[in-house]
$ cat my_file_26.txt   # compact mmCIF, C-alpha atoms
# COMPACT_ATOMS: atom_id res chain seq x y z
CA MET G 90 8.30 22.20 14.46
CA GLU G 91 11.00 24.43 12.99
CA TYR G 92 11.38 25.27 9.31
CA ALA G 93 14.23 26.24 6.99
CA LYS G 94 14.89 27.14 3.37
CA LEU G 95 16.02 24.20 1.28
CA GLY G 96 19.39 25.30 -0.08
CA ASN G 97 19.26 27.73 -2.99
CA SER G 98 15.50 27.47 -3.43
CA ASP G 99 12.37 29.19 -2.21
CA LEU G 100 11.07 25.97 -0.64
CA THR G 101 10.40 26.19 3.09
CA VAL G 102 10.67 22.74 4.65
CA SER G 103 10.14 21.28 8.09
CA ARG G 104 13.41 20.40 9.81
CA ILE G 105 12.21 16.79 9.78
CA CYS G 106 11.50 15.11 6.45
CA MET G 107 9.26 12.05 6.60
CA GLY G 108 10.87 9.18 4.69
CA CYS G 109 8.27 7.05 2.96
CA MET G 110 10.29 3.95 2.08
CA GLY G 111 8.30 2.07 4.72
CA PHE G 112 4.98 2.73 2.97
CA GLY G 113 3.62 0.57 0.19
CA ASP G 114 2.35 -2.86 -0.73
CA PRO G 115 4.85 -5.35 0.76
CA GLY G 116 4.00 -7.73 -2.06
CA ASN G 117 5.58 -5.26 -4.48
CA GLY G 118 8.81 -4.59 -2.61
CA GLN G 119 11.83 -5.95 -0.83
CA HIS G 120 10.76 -5.35 2.77
CA SER G 121 8.22 -7.37 4.74
CA TRP G 122 7.85 -4.57 7.31
CA THR G 123 6.28 -1.99 4.99
CA LEU G 124 2.90 -0.57 5.97
CA ASP G 125 -0.36 -1.09 4.14
CA GLU G 126 -2.30 1.96 3.04
CA GLU G 127 -4.48 2.33 6.13
CA HIS G 128 -1.50 2.40 8.50
CA SER G 129 0.59 4.54 6.15
CA ARG G 130 -2.17 7.16 6.07
CA ALA G 131 -2.32 7.24 9.86
CA VAL G 132 1.43 7.88 10.16
CA ILE G 133 1.33 10.56 7.43
CA ARG G 134 -1.61 12.26 9.13
CA ARG G 135 0.23 12.28 12.45
CA GLY G 136 3.25 13.83 10.78
CA LEU G 137 1.10 16.59 9.37
CA GLU G 138 -0.38 17.24 12.82
CA LEU G 139 3.16 17.64 14.16
CA GLY G 140 4.05 20.20 11.50
CA VAL G 141 5.88 18.00 9.01
CA ASN G 142 5.46 19.40 5.50
CA PHE G 143 8.39 17.65 3.75
CA PHE G 144 7.88 14.11 2.41
CA ASP G 145 10.38 11.93 0.55
CA THR G 146 9.42 8.91 -1.55
CA ALA G 147 10.66 7.21 -4.74
CA ILE G 148 9.33 5.38 -7.75
CA GLY G 149 11.41 2.39 -6.65
CA TYR G 150 9.70 2.01 -3.28
CA GLN G 151 7.34 -0.98 -3.47
CA SER G 152 6.81 -0.62 -7.22
CA GLY G 153 5.45 2.90 -6.91
CA THR G 154 2.85 2.08 -4.26
CA SER G 155 4.68 4.29 -1.75
CA GLU G 156 4.10 7.22 -4.09
CA GLN G 157 0.46 6.22 -4.49
CA TYR G 158 -0.20 5.98 -0.75
CA LEU G 159 1.52 9.30 -0.07
CA GLY G 160 -0.29 11.12 -2.85
CA ARG G 161 -3.72 9.96 -1.77
CA ALA G 162 -3.05 10.80 1.89
CA LEU G 163 -1.82 14.30 1.13
CA ARG G 164 -4.81 15.00 -1.10
CA ASP G 165 -7.12 14.01 1.74
CA PHE G 166 -5.31 15.60 4.68
CA ALA G 167 -3.38 18.66 3.43
CA ARG G 168 -3.32 21.57 1.00
CA ARG G 169 -0.96 20.97 -1.91
CA GLU G 170 0.57 24.45 -1.71
CA ASP G 171 1.63 23.82 1.89
CA MET G 172 3.49 20.59 1.11
CA VAL G 173 6.98 19.89 -0.22
CA VAL G 174 6.94 16.55 -2.03
CA ALA G 175 10.15 14.87 -3.13
CA THR G 176 10.47 11.72 -5.19
CA LYS G 177 13.36 9.99 -6.90
CA PHE G 178 14.03 8.42 -10.30
CA LEU G 179 16.15 5.42 -11.16
CA PRO G 180 18.92 4.96 -13.75
CA ARG G 181 18.11 3.55 -17.16
CA THR G 182 17.62 -0.22 -17.30
CA GLN G 183 19.75 -2.40 -19.53
CA ASP G 184 16.65 -3.00 -21.68
CA GLU G 185 16.20 0.76 -22.14
CA ILE G 186 19.85 1.17 -23.06
CA ALA G 187 19.60 -1.67 -25.61
CA ALA G 188 16.45 -0.10 -27.06
CA GLY G 189 18.17 3.27 -27.48
CA VAL G 190 16.07 5.15 -24.90
CA THR G 191 18.01 8.33 -24.15
CA GLY G 192 18.61 9.79 -20.72
CA GLN G 193 16.22 12.62 -21.58
CA GLN G 194 13.47 10.21 -22.66
CA HIS G 195 14.02 8.06 -19.58
CA ILE G 196 13.62 11.01 -17.20
CA GLU G 197 10.46 12.13 -18.99
CA GLN G 198 8.99 8.64 -18.64
CA MET G 199 10.01 8.39 -14.99
CA ILE G 200 8.53 11.74 -13.94
CA ASN G 201 5.30 11.06 -15.82
CA THR G 202 4.91 7.74 -14.00
CA SER G 203 5.67 9.31 -10.61
CA LEU G 204 3.20 12.15 -11.18
CA LYS G 205 0.54 9.61 -12.08
CA ASN G 206 1.33 7.58 -8.96
CA LEU G 207 1.25 10.67 -6.75
CA GLY G 208 -1.80 12.18 -8.43
CA LEU G 209 0.04 15.50 -8.74
CA ASP G 210 0.74 18.00 -11.51
CA TYR G 211 4.28 18.61 -10.26
CA VAL G 212 6.77 17.60 -7.59
CA ASP G 213 8.72 20.16 -5.59
CA LEU G 214 11.98 18.21 -5.58
CA TYR G 215 13.01 15.55 -8.10
CA ILE G 216 15.99 13.51 -6.99
CA TYR G 217 18.53 11.62 -9.08
CA HIS G 218 18.52 8.40 -7.03
CA MET G 219 21.94 7.05 -7.94
CA TRP G 220 24.68 8.02 -10.38
CA ASP G 221 24.21 6.36 -13.77
CA TYR G 222 27.61 5.58 -15.26
CA GLU G 223 26.06 4.35 -18.51
CA THR G 224 24.25 7.58 -19.36
CA PRO G 225 26.12 10.77 -20.31
CA LEU G 226 25.92 13.42 -17.60
CA TYR G 227 24.83 15.99 -20.20
CA ASP G 228 21.77 13.85 -21.00
CA ILE G 229 20.83 13.61 -17.32
CA MET G 230 21.17 17.34 -16.68
CA ASP G 231 19.44 18.25 -19.93
CA GLY G 232 16.62 15.83 -19.17
CA LEU G 233 16.16 17.26 -15.68
CA ASN G 234 16.22 20.79 -16.99
CA ARG G 235 13.51 19.93 -19.52
CA VAL G 236 11.09 18.65 -16.87
CA VAL G 237 11.78 21.78 -14.81
CA GLN G 238 11.02 23.94 -17.83
CA GLU G 239 7.83 21.95 -18.45
CA GLY G 240 6.64 22.75 -14.92
CA LYS G 241 6.59 19.12 -13.80
CA VAL G 242 9.43 19.71 -11.32
CA ARG G 243 10.29 22.81 -9.28
CA TYR G 244 13.82 21.89 -8.17
CA ILE G 245 16.22 19.00 -8.54
CA GLY G 246 18.29 17.09 -6.01
CA ILE G 247 20.70 14.17 -6.03
CA SER G 248 21.28 11.12 -3.84
CA ASN G 249 24.09 8.60 -3.38
CA CYS G 250 26.88 10.48 -5.08
CA PHE G 251 30.41 11.63 -4.33
CA ALA G 252 31.24 15.28 -3.81
CA TYR G 253 33.21 15.47 -7.06
CA GLN G 254 30.17 14.18 -8.98
CA LEU G 255 27.86 16.80 -7.48
CA ALA G 256 30.41 19.55 -8.20
CA LYS G 257 30.89 18.29 -11.75
CA ALA G 258 27.13 18.13 -12.41
CA ASN G 259 26.46 21.63 -11.11
CA ALA G 260 29.40 23.03 -13.04
CA LEU G 261 27.95 21.56 -16.24
CA ALA G 262 24.51 22.94 -15.36
CA GLU G 263 25.94 26.41 -14.76
CA ARG G 264 27.82 26.34 -18.06
CA GLU G 265 24.75 25.21 -20.03
CA GLY G 266 22.15 27.29 -18.19
CA PHE G 267 20.45 24.19 -16.79
CA ALA G 268 18.78 23.79 -13.39
CA LYS G 269 21.31 22.95 -10.68
CA PHE G 270 21.07 20.48 -7.82
CA ILE G 271 19.92 22.28 -4.68
CA SER G 272 20.07 19.32 -2.28
CA VAL G 273 21.89 16.06 -1.67
CA GLN G 274 20.56 12.97 0.09
CA GLY G 275 23.43 10.85 1.34
CA HIS G 276 24.17 8.30 4.04
CA TYR G 277 24.96 10.34 7.16
CA ASN G 278 24.36 9.84 10.87
CA LEU G 279 26.21 9.83 14.19
CA ILE G 280 27.85 6.45 13.52
CA PHE G 281 28.52 7.02 9.81
CA ARG G 282 30.07 10.44 9.20
CA GLU G 283 32.03 9.94 5.99
CA GLU G 284 30.04 12.76 4.33
CA GLU G 285 32.05 15.16 6.48
CA ARG G 286 35.21 14.45 4.48
CA GLU G 287 34.20 16.42 1.36
CA MET G 288 30.44 16.53 0.80
CA ALA G 289 29.56 18.61 3.86
CA ARG G 290 32.22 21.17 2.97
CA LEU G 291 31.02 21.47 -0.61
CA CYS G 292 27.41 21.88 0.55
CA ALA G 293 28.33 24.55 3.09
CA GLU G 294 30.28 26.55 0.51
CA ASP G 295 27.63 26.32 -2.23
CA ASN G 296 24.53 26.41 0.04
CA ILE G 297 23.38 22.96 -1.05
CA ALA G 298 20.96 21.44 1.46
CA MET G 299 21.88 18.14 3.07
CA THR G 300 18.87 15.86 3.66
CA PRO G 301 20.51 12.58 4.71
CA TYR G 302 18.87 9.19 4.85
CA SER G 303 19.56 6.47 7.45
CA SER G 304 19.54 9.26 10.01
CA LEU G 305 19.04 6.77 12.86
CA ALA G 306 21.25 4.07 11.34
CA SER G 307 18.25 1.81 10.68
CA GLY G 308 17.21 2.06 14.33
CA ARG G 309 20.60 1.44 15.91
CA LEU G 310 20.80 5.01 17.21
CA SER G 311 17.41 4.73 18.89
CA ARG G 312 18.12 1.62 20.98
CA HIS G 313 20.63 0.60 23.65
CA PRO G 314 23.44 -1.70 22.44
CA GLY G 315 22.07 -5.23 22.25
CA GLU G 316 18.43 -4.22 21.88
CA THR G 317 16.82 -5.43 18.71
CA SER G 318 13.59 -5.32 16.72
CA ARG G 319 11.94 -7.20 13.91
CA ARG G 320 13.24 -4.71 11.39
CA LEU G 321 16.80 -4.87 12.74
CA GLU G 322 16.69 -8.66 12.53
CA GLU G 323 15.19 -8.81 9.03
CA ASP G 324 16.85 -5.85 7.31
CA SER G 325 19.80 -7.50 5.59
CA TYR G 326 20.80 -4.27 3.85
CA ALA G 327 21.11 -2.49 7.21
CA LYS G 328 23.17 -5.39 8.53
CA LEU G 329 25.50 -4.97 5.57
CA LYS G 330 25.93 -1.27 6.39
CA TYR G 331 26.50 -1.54 10.13
CA ASP G 332 27.32 -5.01 11.45
CA ALA G 333 31.03 -4.87 10.60
CA THR G 334 31.56 -1.80 12.84
CA GLU G 335 29.19 -2.79 15.64
CA GLU G 336 31.81 -2.75 18.42
CA GLN G 337 33.13 0.74 17.73
CA ASP G 338 29.65 2.09 16.97
CA ASN G 339 28.32 0.78 20.29
CA VAL G 340 30.65 3.14 22.14
CA ILE G 341 28.87 6.08 20.51
CA ILE G 342 25.45 4.50 20.97
CA GLY G 343 26.20 4.13 24.67
CA ARG G 344 26.96 7.84 24.89
CA VAL G 345 23.67 8.61 23.13
CA ALA G 346 21.88 6.57 25.79
CA GLU G 347 23.77 8.41 28.54
CA LEU G 348 22.79 11.84 27.21
CA ALA G 349 19.20 10.70 26.70
CA ASP G 350 19.01 9.82 30.39
CA ARG G 351 20.58 13.15 31.33
CA HIS G 352 18.09 15.14 29.22
CA ARG G 353 15.18 12.81 30.08
CA VAL G 354 14.43 12.28 26.41
CA THR G 355 14.69 9.33 24.03
CA MET G 356 17.81 8.18 22.20
CA THR G 357 16.05 9.12 18.96
CA GLU G 358 15.82 12.71 20.13
CA ILE G 359 19.51 12.90 21.07
CA SER G 360 20.69 11.29 17.81
CA LEU G 361 18.55 13.57 15.66
CA ALA G 362 19.33 16.66 17.75
CA TRP G 363 22.99 16.08 16.92
CA LEU G 364 22.26 15.59 13.22
CA LEU G 365 20.08 18.71 13.10
CA THR G 366 23.18 20.77 13.98
CA LYS G 367 24.79 19.48 10.77
CA VAL G 368 22.09 19.34 8.09
CA THR G 369 18.94 21.07 6.85
CA ALA G 370 16.45 18.22 7.28
CA PRO G 371 17.22 14.57 7.97
CA VAL G 372 14.99 12.02 6.28
CA VAL G 373 13.41 9.96 9.05
CA GLY G 374 11.66 6.75 8.11
CA ALA G 375 8.42 6.25 10.01
CA THR G 376 6.44 3.04 10.31
CA ARG G 377 5.08 3.68 13.82
CA MET G 378 3.51 6.73 15.44
CA HIS G 379 6.33 7.02 17.96
CA HIS G 380 8.88 7.20 15.14
CA ILE G 381 7.56 10.48 13.78
CA GLU G 382 6.65 11.79 17.25
CA GLY G 383 10.20 11.21 18.49
CA ALA G 384 11.62 12.86 15.39
CA ALA G 385 9.43 15.93 15.86
CA ASP G 386 10.42 16.14 19.52
CA ALA G 387 14.10 16.10 18.55
CA VAL G 388 13.77 19.58 17.07
CA LYS G 389 13.24 20.92 20.60
CA VAL G 390 16.40 19.30 22.05
CA LYS G 391 19.44 21.57 22.10
CA LEU G 392 22.81 20.00 22.81
CA THR G 393 25.72 21.97 24.21
CA GLU G 394 29.01 22.19 22.35
CA ASP G 395 30.57 19.88 24.95
CA GLU G 396 27.79 17.33 24.50
CA ARG G 397 28.20 17.34 20.74
CA ALA G 398 31.95 16.84 21.13
CA TYR G 399 31.32 13.99 23.59
CA LEU G 400 29.14 12.21 21.02
CA GLU G 401 31.63 12.77 18.22
CA GLU G 402 34.89 11.91 20.01
CA PRO G 403 34.83 8.07 19.72
CA TYR G 404 34.19 8.04 15.95
CA VAL G 405 36.67 6.27 13.72
CA PRO G 406 36.62 6.27 9.90
CA HIS G 407 34.30 3.74 8.28
CA ARG G 408 34.66 2.07 4.91
CA LEU G 409 32.00 2.76 2.32
CA VAL G 410 29.28 0.13 2.27
CA GLY G 411 25.91 -0.40 0.62
CA VAL G 412 24.89 1.79 -2.29
CA MET G 413 27.97 3.99 -2.19
CA ALA G 414 30.31 1.00 -2.27
CA GLN G 415 28.52 -0.02 -5.46
CA ASN G 416 28.72 3.49 -6.90
CA THR G 417 31.65 2.89 -9.24
CA PRO G 418 31.69 2.06 -12.96
CA GLU G 419 32.94 -1.46 -12.15
CA ALA G 420 30.46 -2.26 -9.39
CA ALA G 421 27.40 -0.34 -10.53
CA LYS G 422 25.73 -3.04 -12.62
CA GLY G 423 23.25 -5.33 -10.99
CA GLN G 424 24.30 -4.83 -7.38
CA HIS G 425 21.02 -3.51 -6.03
CA VAL G 426 17.66 -4.22 -7.61
CA TRP G 427 14.31 -2.49 -7.21
CA SER G 428 11.05 -3.28 -8.95
CA VAL G 429 8.87 -0.77 -10.76
CA GLY G 430 5.70 -2.40 -11.99
CA ASN G 431 6.86 -5.54 -13.75
CA GLN G 432 10.31 -4.14 -14.46
CA ARG G 433 13.46 -5.07 -12.60
CA ILE G 434 15.39 -1.86 -12.02
CA GLU G 435 19.10 -2.11 -11.33
CA ASN G 436 21.52 0.30 -9.68
CA ALA G 437 19.02 2.04 -7.37
$ encode --input "my_file_26.txt" --output "structure tokens"
Amino acid sequence: MEYAKLGNSDLTVSRICMGCMGFGDPGNGQHSWTLDEEHSRAVIRRGLELGVNFFDTAIGYQSGTSEQYLGRALRDFARREDMVVATKFLPRTQDEIAAGVTGQQHIEQMINTSLKNLGLDYVDLYIYHMWDYETPLYDIMDGLNRVVQEGKVRYIGISNCFAYQLAKANALAEREGFAKFISVQGHYNLIFREEEREMARLCAEDNIAMTPYSSLASGRLSRHPGETSRRLEEDSYAKLKYDATEEQDNVIIGRVAELADRHRVTMTEISLAWLLTKVTAPVVGATRMHHIEGAADAVKVKLTEDERAYLEEPYVPHRLVGVMAQNTPEAAKGQHVWSVGNQRIENA
């Protein structure tokens, strides 16, 4: 495993971040393919054996049971000071807004719940899961700064935002003396490269770490065109993100397969080796041992400049889909729903 500093922080993270969306009680979530606690623990333990020290979860994953599974596993298998734990909080609900719960109060409640779920005194990275157009930005940044000052959070990150929003938030933080975002978690992989338009340039200039999700395009970049799996068949959200561009994406996927044969490695290793030349640490979801093993092996694969260009050449611009297509004031309400306990949480 290789390690790197996470943006403008003193956190040292493995170049592979284990995404924990696939862990948690499937009865409390949207996905039938999530792992129960026994199998989640086995995958987490294998990640630790491979040198992974960076784990990403969220309060919205299976009603907080992903956080619970991760917290218990890390307590049993690792030393807290060696781990970098990231979790995410959701926007205010309409009920909270109607009740007058402020952005600051909402963040305090969210972090307290996540810490209880994780069984931790603090998280290393607390991520703003999706831009909240109904809460003033000042309240969000002030609320995040407060939990940093209280010692419940070491650093803050953001997910599912546009470059102008990240720049605007950090400018406000700098003006007010608040904690600034040190990382961004966006949708970025070999067949969806829209982050290169503005976000990647902003991050390079300001040393903000990129830790993208969907790094294997929900499995599409790890299989030959036409191959499928239970998750690919059942994951309607992934179908929304990728099915419309399947023909043009398959050209790139075919080249991934070609290079995998040439290097005698898996397609996962080639896809992630490319992404590792662009970002600090991709978030790789793992629900099988070979998922995390392939991701760890990708760190060893070094592509030539010509090979990287060969993979990139067929790409054509893609329209925004999924969460980012909803990330506007007009579309934000009610488009994507998560559950936290008995609450229905919108806009995650």
$ residues_near_point --input "my_file_26.txt" --point "(30.2, 6.8, 20.2)" --cutoff "8 Å" --atoms "all atoms listed in the file" --output "ChimeraX atom specification"
/G:279-280,337-345,400-404
$ atom_distance --input "my_file_26.txt" --atom1 "CA of His313 (chain G)" --atom2 "CA of Glu358 (chain G)"
13.5 Å
$ atom_distance --input "my_file_26.txt" --atom1 "CA of Ser129 (chain G)" --atom2 "CA of Arg104 (chain G)"
20.7 Å
$ closest_atom_pairs --input "my_file_26.txt" --of "region 139-258 of chain G" --to "region 385-388 of chain G" --cutoff "9 Å" --atoms "only C-alpha atoms" --output "tab-separated table"
residue	atom	partner	partner_atom	distance
G:Leu139	CA	G:Ala385	CA	6.7
G:Gly140	CA	G:Ala385	CA	8.1
G:Val141	CA	G:Ala385	CA	8.0
$ atom_distance --input "my_file_26.txt" --atom1 "CA of Ala93 (chain G)" --atom2 "CA of Asn142 (chain G)"
11.2 Å
$ residues_around --input "my_file_26.txt" --residues "region 248-252 of chain G" --least-positions-apart "3" --cutoff "6 Å" --atoms "only C-alpha atoms" --output "list in words"
Tyr217, His218, Met219, Leu255, Val273, Gln274, Gly275 and Met288 of chain G
